[in-house]
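Everything below concerns the one structure shown next.
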Protein chains: 6
Amino acid sequence: MVVKIGFGKLGNIGSAPLLEFLLDERAERKDIEVRVVSSGAKMSVEHGAEIGQRLSEFKPDLAVVTSPNATLPGPTKLREVLVSAKIPVIVISDSPAKKAVPDIEKAGAGYLIVEADAMIGARREFLDPAEMAIFNADILKVLTVTGVFKILCQEIDKVVQSMQKGQAPTLPRVVINKEKAIEASGLSNPYARTKAIAAHEIARRVADLTVEGCFVVKERERYTQLVAAAHEMMREAARLADEAREIEKAGDMVLRTPHHDNGVAGAKRRLMEKPVKPE
Amino acid sequence: MVVKIGFGKLGNIGSAPLLEFLLDERAERKDIEVRVVSSGAKMSVEHGAEIGQRLSEFKPDLAVVTSPNATLPGPTKLREVLVSAKIPVIVISDSPAKKAVPDIEKAGAGYLIVEADAMIGARREFLDPAEMAIFNADILKVLTVTGVFKILCQEIDKVVQSMQKGQAPTLPRVVINKEKAIEASGLSNPYARTKAIAAHEIARRVADLTVEGCFVVKERERYTQLVAAAHEMMREAARLADEAREIEKAGDMVLRTPHHDNGVAGAKRRLMEKPVKPE
Amino acid sequence: MVVKIGFGKLGNIGSAPLLEFLLDERAERKDIEVRVVSSGAKMSVEHGAEIGQRLSEFKPDLAVVTSPNATLPGPTKLREVLVSAKIPVIVISDSPAKKAVPDIEKAGAGYLIVEADAMIGARREFLDPAEMAIFNADILKVLTVTGVFKILCQEIDKVVQSMQKGQAPTLPRVVINKEKAIEASGLSNPYARTKAIAAHEIARRVADLTVEGCFVVKERERYTQLVAAAHEMMREAARLADEAREIEKAGDMVLRTPHHDNGVAGAKRRLMEKPVKPE
Amino acid sequence: MVVKIGFGKLGNIGSAPLLEFLLDERAERKDIEVRVVSSGAKMSVEHGAEIGQRLSEFKPDLAVVTSPNATLPGPTKLREVLVSAKIPVIVISDSPAKKAVPDIEKAGAGYLIVEADAMIGARREFLDPAEMAIFNADILKVLTVTGVFKILCQEIDKVVQSMQKGQAPTLPRVVINKEKAIEASGLSNPYARTKAIAAHEIARRVADLTVEGCFVVKERERYTQLVAAAHEMMREAARLADEAREIEKAGDMVLRTPHHDNGVAGAKRRLMEKPVKPE
Amino acid sequence: MVVKIGFGKLGNIGSAPLLEFLLDERAERKDIEVRVVSSGAKMSVEHGAEIGQRLSEFKPDLAVVTSPNATLPGPTKLREVLVSAKIPVIVISDSPAKKAVPDIEKAGAGYLIVEADAMIGARREFLDPAEMAIFNADILKVLTVTGVFKILCQEIDKVVQSMQKGQAPTLPRVVINKEKAIEASGLSNPYARTKAIAAHEIARRVADLTVEGCFVVKERERYTQLVAAAHEMMREAARLADEAREIEKAGDMVLRTPHHDNGVAGAKRRLMEKPVKPE
Amino acid sequence: MVVKIGFGKLGNIGSAPLLEFLLDERAERKDIEVRVVSSGAKMSVEHGAEIGQRLSEFKPDLAVVTSPNATLPGPTKLREVLVSAKIPVIVISDSPAKKAVPDIEKAGAGYLIVEADAMIGARREFLDPAEMAIFNADILKVLTVTGVFKILCQEIDKVVQSMQKGQAPTLPRVVINKEKAIEASGLSNPYARTKAIAAHEIARRVADLTVEGCFVVKERERYTQLVAAAHEMMREAARLADEAREIEKAGDMVLRTPHHDNGVAGAKRRLMEKPVKPE
């Protein structure tokens with residue numbers, strides 16, 4: 001059976017841009033069929049409604065929706081439309097989405113809340129297309145190395161596998177914090193792990209400064225300085241994540257878990273060995 | 001007038017994941033409406049046809065399609081569907097797409113071919129979700145700092161502005177090489193520029209090794225080593241791009257060109273000054 | 001007039017080990033006489049009482065007391081002894097000391113609370129003499145470059161100068177946060193400043209992990225990992241601080257404010273110029 | 001039995017600021033009681049006499065005195081006062097103190113002379129509080145990683161243990177050079193060791209430039225350049241020491257020797273194991 | 001028997017300046033006698049003839065000639081003179097020399113063509129003595145770590161050994177590419193190997209930019225930028241090579257193959273072990 | 001007039017391998033004709049005599065001889081042969097050559113003694129061809145950036161220019177120390193200069209460890225460790241030199257002094273400007 005997964009994306013968070021590719025990194029999987037629909041940067045109620053509508057037309061077996069702050073009206077509308085259509089929904093969002101948890105649970109949906117997926121420094125004096133892209137590059141590295149993406153990938157894979165077996169899936173309900181992430185990361189050297197935790201924590205704290213700079217401070221020089229400092233923190237977190245991975249390389253211990261074409265993830269550590277396919 | 005832009009994405013290239021956000025980095029633009037439709041990693045003719053169909057339903061004023069190697073049947077089908085629907089199309093693709101240029105031109109479409117957008121090292125022994133995401137993080141940094149994203153953004157903005165003025169747009173036809181990219185990058189220090197050119201060239205050459213490792217070499221140990229070396233090259237290119245940007249920071253000369261809500265891009269260099277809005 | 005300054009130190013914080021040398025970095029000042037008394041790592045009430053007693057015997061014009069968490073009984077006793085002896089007291093402590101502010105103010109004392117002076121990861125599985133010293137080296141770099149030490153130095157100097165003029169000193173009452181620190185830092189390049197803010201913020205957040213690791217988490221593997229991650233954060237903050245200072249070097253803009261022998265601080269930027277003595 | 005240790009500090013050297021904390025890094029030891037008395041940056045004969053007097057009043061079982069150049073009159077007076085009071089004395093000082101060795105030995109005192117504890121670049125055009133603190137941060141890292149602090153700590157611990165057993169202590173008489181330091185460092189990887197030796201040697205040679213810059217060269221531009229170069233050397237030595245420790249982290253081989261509350265130092269290498277308490 | 005080796009050098013390539021020392025790195029070999037004759041930077045036919053003549057007078061058992069582009073008239077003349085004198089010749093040159101292979105083979109000579117030995121950025125606006133020396137320092141590091149020098153050394157040693165045994169030597173005929181080089185490099189960690197391949201590939205591609213900048217582009221600003229970018233690439237390649245070697249150090253796996261005085265190369269990995277002499 | 005310069009090289013020092021190319025970095029000079037003769041690593045009296053003889057046959061207007069320790073019999077013989085042949089001789093050697101100064105002066109020769117040209121760590125357990133080449137790459141970077149090569153180049157150029165004008169040349173007699181080197185380096189940023197001085201000083205001190213490791217210490221483990229530490233110092237010196245040059249790049253202030261074809265050195269700072277030819 002091929003499981004149809006629909007991704008509905010409103011606005012952007014670090015977890016979103018590569019999400020569908022995490023499931024099928026070499027375009028070899030035969031067990032899933034993917035559609036993505038997005039309204040780009042905009043995330044009003046109207047956008048939420050329309051994206052939900054378009055995604056429903058694809059009749060997905062599973063819908064995964066991403067947005068900043070899932071408590072906002074647009075993301076809320078998006079998941080409501082999908083839930084109404086009886087489509088199992090997993091919400092992926094950032095820390096402010098924790099307040100939406102009761103609402104999500106009541107609707108029978110799942111969630112993966114990514115604490116380290118910090119808000120960008122969205123001030124016009126600072127954030128232009130280049131700065132936006134660099135921030136995203138940095139956060140991608142952090143989310144990957146610290147294990148966050150591993151959890152996103154595993155949890156969706158688990159649901160897909162349940163569906164393939166004809167079982168009713170248990171939708172994930174996880175707030176991904178530093179310890180859960182590192183546990184999933186597969187990092188083997190303990191200092192690689194502590195560096196990854198540090199990277200995760202720094203990334204998470206970026207949001208303190210961007211929120212302060214975007215919503216609290218009104219003086220231009222002050223908020224510019226704050227959001228710029230936040231992006232320096234993310235750059236540093238990325239550097240630390242990179243350092244963690246380099247330690248794993250030095251020990252030839254990088255965990256790799258490539259998907260096979262039937263959707264099962266193999267596993268290997270030594271670069272020159274073949275991935276082991278689980279039974 | 002609000003210009004409707006439809007993004008059709010088949011498979012992944014480095015230029016694709018953040019493309020729509022390059023146009024509206026802070027979600028403030030009132031002059032454009034964006035939809036993205038994608039089939040994820042898959043890019044067969046059927047996927048091309050369906051994505052084209054879905055995108056047409058949005059009735060975009062402009063369609064931007066992204067895929068690896070635009071000569072392949074899937075991407076070809078995608079743009080044919082859109083062209084048939086009388087929608088102006090811009091094709092964004094990587095180096096192998098150069099061979100599609102005559103075909104694209106004949107169809108009246110535009111293109112932005114990104115030489116530095118090198119193919120990923122898609123071997124199962126090497127490429128898992130984490131490695132895929134890290135490669136994308138690195139290439140994002142390279143494409144941003146070396147000026148590639150600046151050209152993508154400017155060229156699409158130009159078409160949008162023509163449309164807003166009710167003019168028939170001239171669709172861009174550019175092969176983005178190292179010199180064009182650096183020219184657009186806005187880097188001011190000459191050594192930042194030369195480092196960016198070096199980063200661009202290294203990134204471009206990544207494809208030599210991934211192509212060799214994916215399509216030419218058959219022995220597992222050899223191809224694993226080659227694609228892994230290719231990713232080390234991209235990591236290095238990203239590091240060099242970062243170094244270029246740090247030089248600009250040291251001189252307080254980082255060019256920032258944030259979009260205003262009417263879609264016009266401002267410009268500033270000193271971090272503490274306000275962006276200047278062009279007349 | 002020579003002002004006698006007594007330093008009473010209980011336990012250790014990052015602000016303490018070099019404090020008296022910040023006032024007289026080349027041992028040239030003729031306007032102050034300094035004594036330091038400390039009970040080393042211990043900070044019980046008995047230690048507080050005795051250090052207070054010994055310091056009083058020196059009959060200082062000003063007492064500066066340092067300790068972690070000034071709300072604890074030992075540090076509280078120390079300042080009480082000094083206040084009882086009618087000695088003007090400045091309390092220097094870390095974030096938990098904020099709760100002691102009403103008490104300190106009621107006693108007529110001053111305070112300088114250093115938010116970035118994060119608690120060390122005091123778990124036996126992790127913290128040995130070497131790890132302790134390295135943490136202190138890192139925090140010294142952060143507190144110096146981000147401007148914290150500048151504030152400590154200036155505020156004590158101000159009190160000394162008042163006393164030299166025979167004026168009743170106004171004791172400082174400052175919670176040193178990221179923005180106050182950077183303002184004092186003298187960093188001129190805006191990216192050096194934002195990197196310093198980032199370093200300050202990362203250093204401040206170290207305490208979240210050390211507190212969690214030392215007081216909340218009970219499982220050995222978990223707390224070891226947490227406090228080790230905290231030290232990685234401080235190492236990173238130090239690296240970022242160093243990067244900020246290197247930017248100032250690249251622009252030949254390092255602010256230097258050496259004390260003259262009469263206690264007045266000069267100022268210079270260009271390495272090859274002479275410090276300007278204020279009138 | 002609780003051994004009372006009095007630390008008398010005149011002026012500053014890199015070995016001094018954290019010395020008492022090296023013995024009791026988590027404030028858990030019940031077998032020692034510590035007092036520190038210092039005159040800050042000043043180190044005249046009068047200061048030496050008074051610090052010696054104050055320290056004697058504490059009736060320490062052991063006195064440890066630190067100062068630059070122990071041949072100077074102030075440090076000499078300090079140890080004379082303590083020796084006269086029949087207190088066992090250990091002198092900790094820098095390279096110029098070698099000339100004081102006969103005098104120290106005649107007085108029956110011990111010494112730990114730290115070759116890498118190089119003089120700071122004490123020129124007003126260069127050395128302000130910030131530069132002083134940064135130099136100290138760098139030298140702390142060097143002295144820690146290269147094994148110097150390990151020797152200081154072990155030698156004092158040995159004397160304390162003798163005293164606890166009621167034995168007459170043998171006071172240490174060691175000139176700590178690069179090979180002795182590395183031997184004590186516990187570094188396991190041979191390249192970590194050679195990097196640490198290199199760091200030690202660079203640090204030791206810093207003094208050549210600071211002495212030249214402070215005492216030999218008279219032209220302002222020349223001496224400023226020399227002392228600034230000396231601090232760059234120390235920064236580099238610290239960087240190299242950090243690199244050595246990172247290698248140990250990569251192999252999960254960092255030696256940790258935390259003190260137990262009875263003063264005995266445990267030992268461990270793997271981060272996730274428990275320290276082994278020696279019998 | 002002592003084998004006499006004559007080195008004739010015309011112009012400079014990265015493989016040339018240390019070539020004779022690669023054979024006898026500690027000046028201990030008793031089995032070879034070396035002469036070097038060179039005309040410095042110049043490489044006309046006259047220079048080739050004269051260097052060939054002078055070298056012949058030494059009556060070498062083996063001649064090794066180095067030059068850029070061995071197809072040029074000067075280098076061609078040099079080897080013709082030597083071949084005429086019945087001296088076995090090995091040509092060492094860079095990529096453009098591949099076109100000379102038929103000619104070299106016809107003459108019965110051997111060759112070692114070094115693909116990574118990229119042309120320098122020889123434009124007056126850019127290349128001065130310092131830039132030239134830095135480029136050479138960088139390329140030396142690349143050629144060493146990636147295994148190129150190992151091949152040069154082994155191949156010449158093999159010929160020498162044949163001659164010592166009185167056998168007719170088989171002259172080497174190798175185009176040294178990335179895979180052959182890494183195979184010879186002795187790097188053990190697979191990521192060190194992939195980094196070395198990446199370094200080799202980047203170095204090789206330097207020539208694309210220097211050739212473009214020196215021979216194709218005529219506008220000063222453009223060619224200056226191109227050749228400067230090429231040198232940034234080489235600096236990056238050297239950095240990556242260094243990184244590869246540091247990984248080997250971290251694992252204490254650096255292969256060392258010192259020559260014994262009889263010319264045989266020993267081998268060792270652990271720094272603290274003795275080299276093993278092959279039978 | 002074309003000045004004929006003969007280079008006689010015995011053994012290797014860091015100043016030797018690129019020496020002739022420093023004079024004619026792009027092979028464009030028409031005012032000089034160069035020959036190099038060398039005996040490779042060997043430097044006995046017989047080698048000195050023969051190299052002197054061969055060089056004399058070239059009838060150079062100026063002979064430049066390089067070797068380690070010019071007091072040794074081989075190098076002494078080499079310069080005696082040349083002096084006897086009435087050829088003006090400049091001796092380039094390392095620190096131990098200072099003892100040869102009276103002898104050199106008596107012979108009417110000139111000298112350029114390079115203090116930073118430290119002896120390599122020539123122990124069989126450590127030094128193989130790769131380690132030798134890496135050391136040379138590092139020392140090349142140090143000697144270039146710190147200004148040493150600039151002095152070598154300028155002093156030989158001065159003699160050549162005198163000869164071209166038909167004047168009796170004054171042969172240089174310079175011991176190149178840190179201050180002379182930096183003065184010549186052309187570094188403009190004062191921190192680039194201090195970093196370069198630090199690099200120079202570290203490089204110079206490498207010799208202390210290699211001499212100790214090669215000639216004083218007899219135990220294998222100890223000397224291996226010492227010579228390895230010495231090479232780490234040189235690697236660090238090279239890194240610091242690189243850092244100095246990067247600062248100059250960040251300010252677009254790299255001094256370039258390319259030779260014109262008449263041998264005159266131009267000068268420029270901004271990368272995009274043309275070199276200025278002195279009158």
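Each chain in the structure tokens gets a letter, A, B and so on, in the order shown; residues start at 1 in every chain, and ligands are counted from 1 in the order they appear.
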**Message:** Please extract the residues of stretch 38-263 of chain D with a backbone DSSP assignment of strand (DSSP E or B) and present them as a list in words.
**Reply:**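 Output for stretch 38-263 of chain D, strand (DSSP E or B) only: Ser38, Leu62, Ala63, Val64, Val65, Thr66, Val89, Ile90, Val91, Ile92, Ser93, Asp94, Gly110, Tyr111, Leu112, Ile113, Val114, Arg173, Val174, Val175, Ile176, Arg256 and His259 of chain D.
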**Asked** Would you give me, as number ranges by chain, the residues in stretch 95-176 of chain C that DSSP reads as alpha helix (DSSP H)?
**Response** C: 101-106, 129-145, 148-164
**Request:** Kindly provide, as number ranges by chain, the residues of chain C having any atom no farther than 7 Å from an atom of chain F, counting only C-alpha atoms.
**Result:** C: 249-250, 252, 271
**Asked** For the atom pair atom CA of F:Ile87 and atom CA of F:Ser15, what is the interatomic distance in Å to one decimal place?
**Response** 21.5 Å
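Residue nearest F:Glu25, chosen from E:Asn136, E:Gln161, E:Thr76, E:Ser188 and counting only C-alpha atoms: E:Asn136.
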**Request:** Fewer than 6 positions away in the same chain doesn't count, so skip those; otherwise give me all residues within 12 Å of B:Ser84, counting only C-alpha atoms, as a ChimeraX atom specification.
**Result:** /B:49,52-53,56,77-78,107-109
Residues of the last selection are to be written out with N, CA and C atoms, as a compact mmCIF listing (two decimals), in the first residue's frame.
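And here's selection_9.txt as it stands now:
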# COMPACT_ATOMS: atom_id res chain seq x y z
N ALA B 49 2.88 16.44 -14.54
CA ALA B 49 1.56 16.77 -15.07
C ALA B 49 0.62 17.24 -13.95
N GLY B 52 1.61 20.59 -12.46
CA GLY B 52 1.24 21.63 -13.42
C GLY B 52 -0.25 21.92 -13.38
N GLN B 53 -1.03 20.84 -13.30
CA GLN B 53 -2.48 20.97 -13.25
C GLN B 53 -2.92 21.74 -12.01
N SER B 56 -2.03 25.35 -12.15
CA SER B 56 -2.87 26.10 -13.09
C SER B 56 -4.19 26.51 -12.45
N LYS B 77 7.40 18.13 -18.69
CA LYS B 77 5.94 18.06 -18.67
C LYS B 77 5.35 19.21 -17.84
N LEU B 78 5.95 19.44 -16.67
CA LEU B 78 5.45 20.49 -15.80
C LEU B 78 5.38 21.83 -16.54
N ALA B 107 9.59 27.53 -26.09
CA ALA B 107 8.29 27.56 -25.42
C ALA B 107 7.95 28.95 -24.91
N GLY B 108 8.86 29.89 -25.10
CA GLY B 108 8.59 31.24 -24.65
C GLY B 108 8.78 31.45 -23.16
N ALA B 109 9.39 30.50 -22.53
CA ALA B 109 9.59 30.60 -21.08
C ALA B 109 10.94 31.24 -20.77
**Message:** I want to know what sits within 8 Å of B:Leu226, based on only C-alpha atoms, with residues of the same chain fewer than 5 positions away left out; could you give that as a ChimeraX atom specification?
**Reply:** /B:209-210,212-213 /E:194,197
Save out the residues we just selected, N, CA and C atoms, as an mmCIF file, in the first residue's frame.
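Below is the file that was written, out_8.cif:
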data_model
loop_
_atom_site.group_PDB
_atom_site.id
_atom_site.type_symbol
_atom_site.label_atom_id
_atom_site.label_comp_id
_atom_site.auth_asym_id
_atom_site.auth_seq_id
_atom_site.Cartn_x
_atom_site.Cartn_y
_atom_site.Cartn_z
ATOM 1 N N LEU B 209 32.088 15.554 -8.752
ATOM 2 C CA LEU B 209 32.306 14.377 -7.920
ATOM 3 C C LEU B 209 31.015 13.615 -7.657
ATOM 4 N N THR B 210 29.913 14.324 -7.496
ATOM 5 C CA THR B 210 28.668 13.588 -7.238
ATOM 6 C C THR B 210 28.210 12.849 -8.487
ATOM 7 N N GLU B 212 30.196 11.739 -10.828
ATOM 8 C CA GLU B 212 31.118 10.605 -10.947
ATOM 9 C C GLU B 212 30.739 9.504 -9.942
ATOM 10 N N GLY B 213 30.443 9.919 -8.726
ATOM 11 C CA GLY B 213 30.151 8.948 -7.680
ATOM 12 C C GLY B 213 28.799 8.282 -7.837
ATOM 13 N N THR E 194 38.339 11.527 2.779
ATOM 14 C CA THR E 194 37.415 12.290 1.931
ATOM 15 C C THR E 194 37.757 13.774 1.954
ATOM 16 N N ILE E 197 40.616 14.076 -0.429
ATOM 17 C CA ILE E 197 40.145 14.070 -1.825
ATOM 18 C C ILE E 197 39.562 15.430 -2.186
#
**Message:** Calculated over only C-alpha atoms, which of the candidates B:Asp242, B:Asp24, B:Glu115, B:Asp157 has the smallest distance to A:Pro129?
**Reply:**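 Closest candidate: B:Asp24.
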**Message:** What's around stretch 2-7 of chain D at 9 Å? Count only C-alpha atoms, leave out sequence neighbours fewer than 4 positions away in its own chain, and write the answer as a ChimeraX atom specification.
**Reply:** /D:19-20,30-38,55-56,58-66,160-161,163-164
Expected file: the selected residues, N, CA and C atoms, as a PDB file, in the first residue's frame:
ATOM      1  N   LEU D  19      44.136  29.780  42.889  1.00  0.00           N
ATOM      2  CA  LEU D  19      44.934  28.767  43.578  1.00  0.00           C
ATOM      3  C   LEU D  19      44.167  28.029  44.675  1.00  0.00           C
ATOM      4  N   GLU D  20      43.489  28.771  45.537  1.00  0.00           N
ATOM      5  CA  GLU D  20      42.799  28.106  46.655  1.00  0.00           C
ATOM      6  C   GLU D  20      41.632  27.258  46.143  1.00  0.00           C
ATOM      7  N   LYS D  30      36.203  18.727  53.688  1.00  0.00           N
ATOM      8  CA  LYS D  30      36.036  18.936  55.128  1.00  0.00           C
ATOM      9  C   LYS D  30      37.370  18.866  55.850  1.00  0.00           C
ATOM     10  N   ASP D  31      38.421  18.558  55.101  1.00  0.00           N
ATOM     11  CA  ASP D  31      39.719  18.335  55.739  1.00  0.00           C
ATOM     12  C   ASP D  31      40.622  19.556  55.704  1.00  0.00           C
ATOM     13  N   ILE D  32      40.149  20.632  55.093  1.00  0.00           N
ATOM     14  CA  ILE D  32      40.997  21.836  55.078  1.00  0.00           C
ATOM     15  C   ILE D  32      40.171  23.068  55.425  1.00  0.00           C
ATOM     16  N   GLU D  33      40.840  24.035  55.945  1.00  0.00           N
ATOM     17  CA  GLU D  33      40.238  25.341  56.201  1.00  0.00           C
ATOM     18  C   GLU D  33      41.183  26.368  55.591  1.00  0.00           C
ATOM     19  N   VAL D  34      40.612  27.279  54.806  1.00  0.00           N
ATOM     20  CA  VAL D  34      41.434  28.154  53.982  1.00  0.00           C
ATOM     21  C   VAL D  34      41.232  29.625  54.348  1.00  0.00           C
ATOM     22  N   ARG D  35      42.299  30.361  54.386  1.00  0.00           N
ATOM     23  CA  ARG D  35      42.210  31.828  54.429  1.00  0.00           C
ATOM     24  C   ARG D  35      43.138  32.406  53.386  1.00  0.00           C
ATOM     25  N   VAL D  36      42.679  33.478  52.758  1.00  0.00           N
ATOM     26  CA  VAL D  36      43.498  34.195  51.796  1.00  0.00           C
ATOM     27  C   VAL D  36      43.623  35.635  52.260  1.00  0.00           C
ATOM     28  N   VAL D  37      44.823  36.148  52.256  1.00  0.00           N
ATOM     29  CA  VAL D  37      45.024  37.575  52.535  1.00  0.00           C
ATOM     30  C   VAL D  37      45.924  38.133  51.448  1.00  0.00           C
ATOM     31  N   SER D  38      45.532  39.298  50.952  1.00  0.00           N
ATOM     32  CA  SER D  38      46.285  39.864  49.843  1.00  0.00           C
ATOM     33  C   SER D  38      46.285  41.379  49.928  1.00  0.00           C
ATOM     34  N   LEU D  55      48.357  36.933  58.066  1.00  0.00           N
ATOM     35  CA  LEU D  55      48.239  35.502  57.800  1.00  0.00           C
ATOM     36  C   LEU D  55      48.655  34.701  59.038  1.00  0.00           C
ATOM     37  N   SER D  56      49.668  35.183  59.739  1.00  0.00           N
ATOM     38  CA  SER D  56      50.128  34.502  60.949  1.00  0.00           C
ATOM     39  C   SER D  56      49.024  34.446  61.996  1.00  0.00           C
ATOM     40  N   PHE D  58      46.076  33.935  61.638  1.00  0.00           N
ATOM     41  CA  PHE D  58      45.189  32.809  61.321  1.00  0.00           C
ATOM     42  C   PHE D  58      45.782  31.486  61.829  1.00  0.00           C
ATOM     43  N   LYS D  59      47.043  31.528  62.210  1.00  0.00           N
ATOM     44  CA  LYS D  59      47.769  30.337  62.686  1.00  0.00           C
ATOM     45  C   LYS D  59      47.627  29.151  61.722  1.00  0.00           C
ATOM     46  N   PRO D  60      48.041  29.362  60.498  1.00  0.00           N
ATOM     47  CA  PRO D  60      47.902  28.284  59.519  1.00  0.00           C
ATOM     48  C   PRO D  60      48.906  27.155  59.783  1.00  0.00           C
ATOM     49  N   ASP D  61      48.507  25.960  59.458  1.00  0.00           N
ATOM     50  CA  ASP D  61      49.442  24.833  59.481  1.00  0.00           C
ATOM     51  C   ASP D  61      50.413  24.910  58.311  1.00  0.00           C
ATOM     52  N   LEU D  62      49.957  25.580  57.277  1.00  0.00           N
ATOM     53  CA  LEU D  62      50.762  25.697  56.057  1.00  0.00           C
ATOM     54  C   LEU D  62      50.475  27.051  55.423  1.00  0.00           C
ATOM     55  N   ALA D  63      51.525  27.733  55.014  1.00  0.00           N
ATOM     56  CA  ALA D  63      51.322  28.991  54.288  1.00  0.00           C
ATOM     57  C   ALA D  63      51.798  28.821  52.857  1.00  0.00           C
ATOM     58  N   VAL D  64      50.995  29.318  51.945  1.00  0.00           N
ATOM     59  CA  VAL D  64      51.379  29.323  50.532  1.00  0.00           C
ATOM     60  C   VAL D  64      51.419  30.776  50.093  1.00  0.00           C
ATOM     61  N   VAL D  65      52.562  31.226  49.642  1.00  0.00           N
ATOM     62  CA  VAL D  65      52.656  32.631  49.236  1.00  0.00           C
ATOM     63  C   VAL D  65      52.908  32.724  47.735  1.00  0.00           C
ATOM     64  N   THR D  66      52.212  33.653  47.117  1.00  0.00           N
ATOM     65  CA  THR D  66      52.364  33.834  45.677  1.00  0.00           C
ATOM     66  C   THR D  66      52.770  35.264  45.402  1.00  0.00           C
ATOM     67  N   VAL D 160      49.380  18.537  52.667  1.00  0.00           N
ATOM     68  CA  VAL D 160      48.195  18.476  53.536  1.00  0.00           C
ATOM     69  C   VAL D 160      47.990  17.050  54.039  1.00  0.00           C
ATOM     70  N   GLN D 161      48.152  16.090  53.161  1.00  0.00           N
ATOM     71  CA  GLN D 161      47.940  14.703  53.580  1.00  0.00           C
ATOM     72  C   GLN D 161      48.971  14.251  54.620  1.00  0.00           C
ATOM     73  N   MET D 163      50.375  16.173  56.768  1.00  0.00           N
ATOM     74  CA  MET D 163      49.986  16.832  58.019  1.00  0.00           C
ATOM     75  C   MET D 163      48.800  16.116  58.663  1.00  0.00           C
ATOM     76  N   GLN D 164      47.879  15.682  57.816  1.00  0.00           N
ATOM     77  CA  GLN D 164      46.715  14.978  58.373  1.00  0.00           C
ATOM     78  C   GLN D 164      47.116  13.665  59.050  1.00  0.00           C
TER      79      GLN D 164
END
**Message:** So, with only C-alpha atoms as the atoms that count, which of D:Glu236, D:Asp138, D:Asp94, D:Glu219 lies closest to D:Asp117?
**Reply:**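 Smallest distance to D:Asp117 is found for D:Asp94.
In this structure, atom CA of B:Arg270 sits 8.9 Å away from atom CA of B:Arg256.
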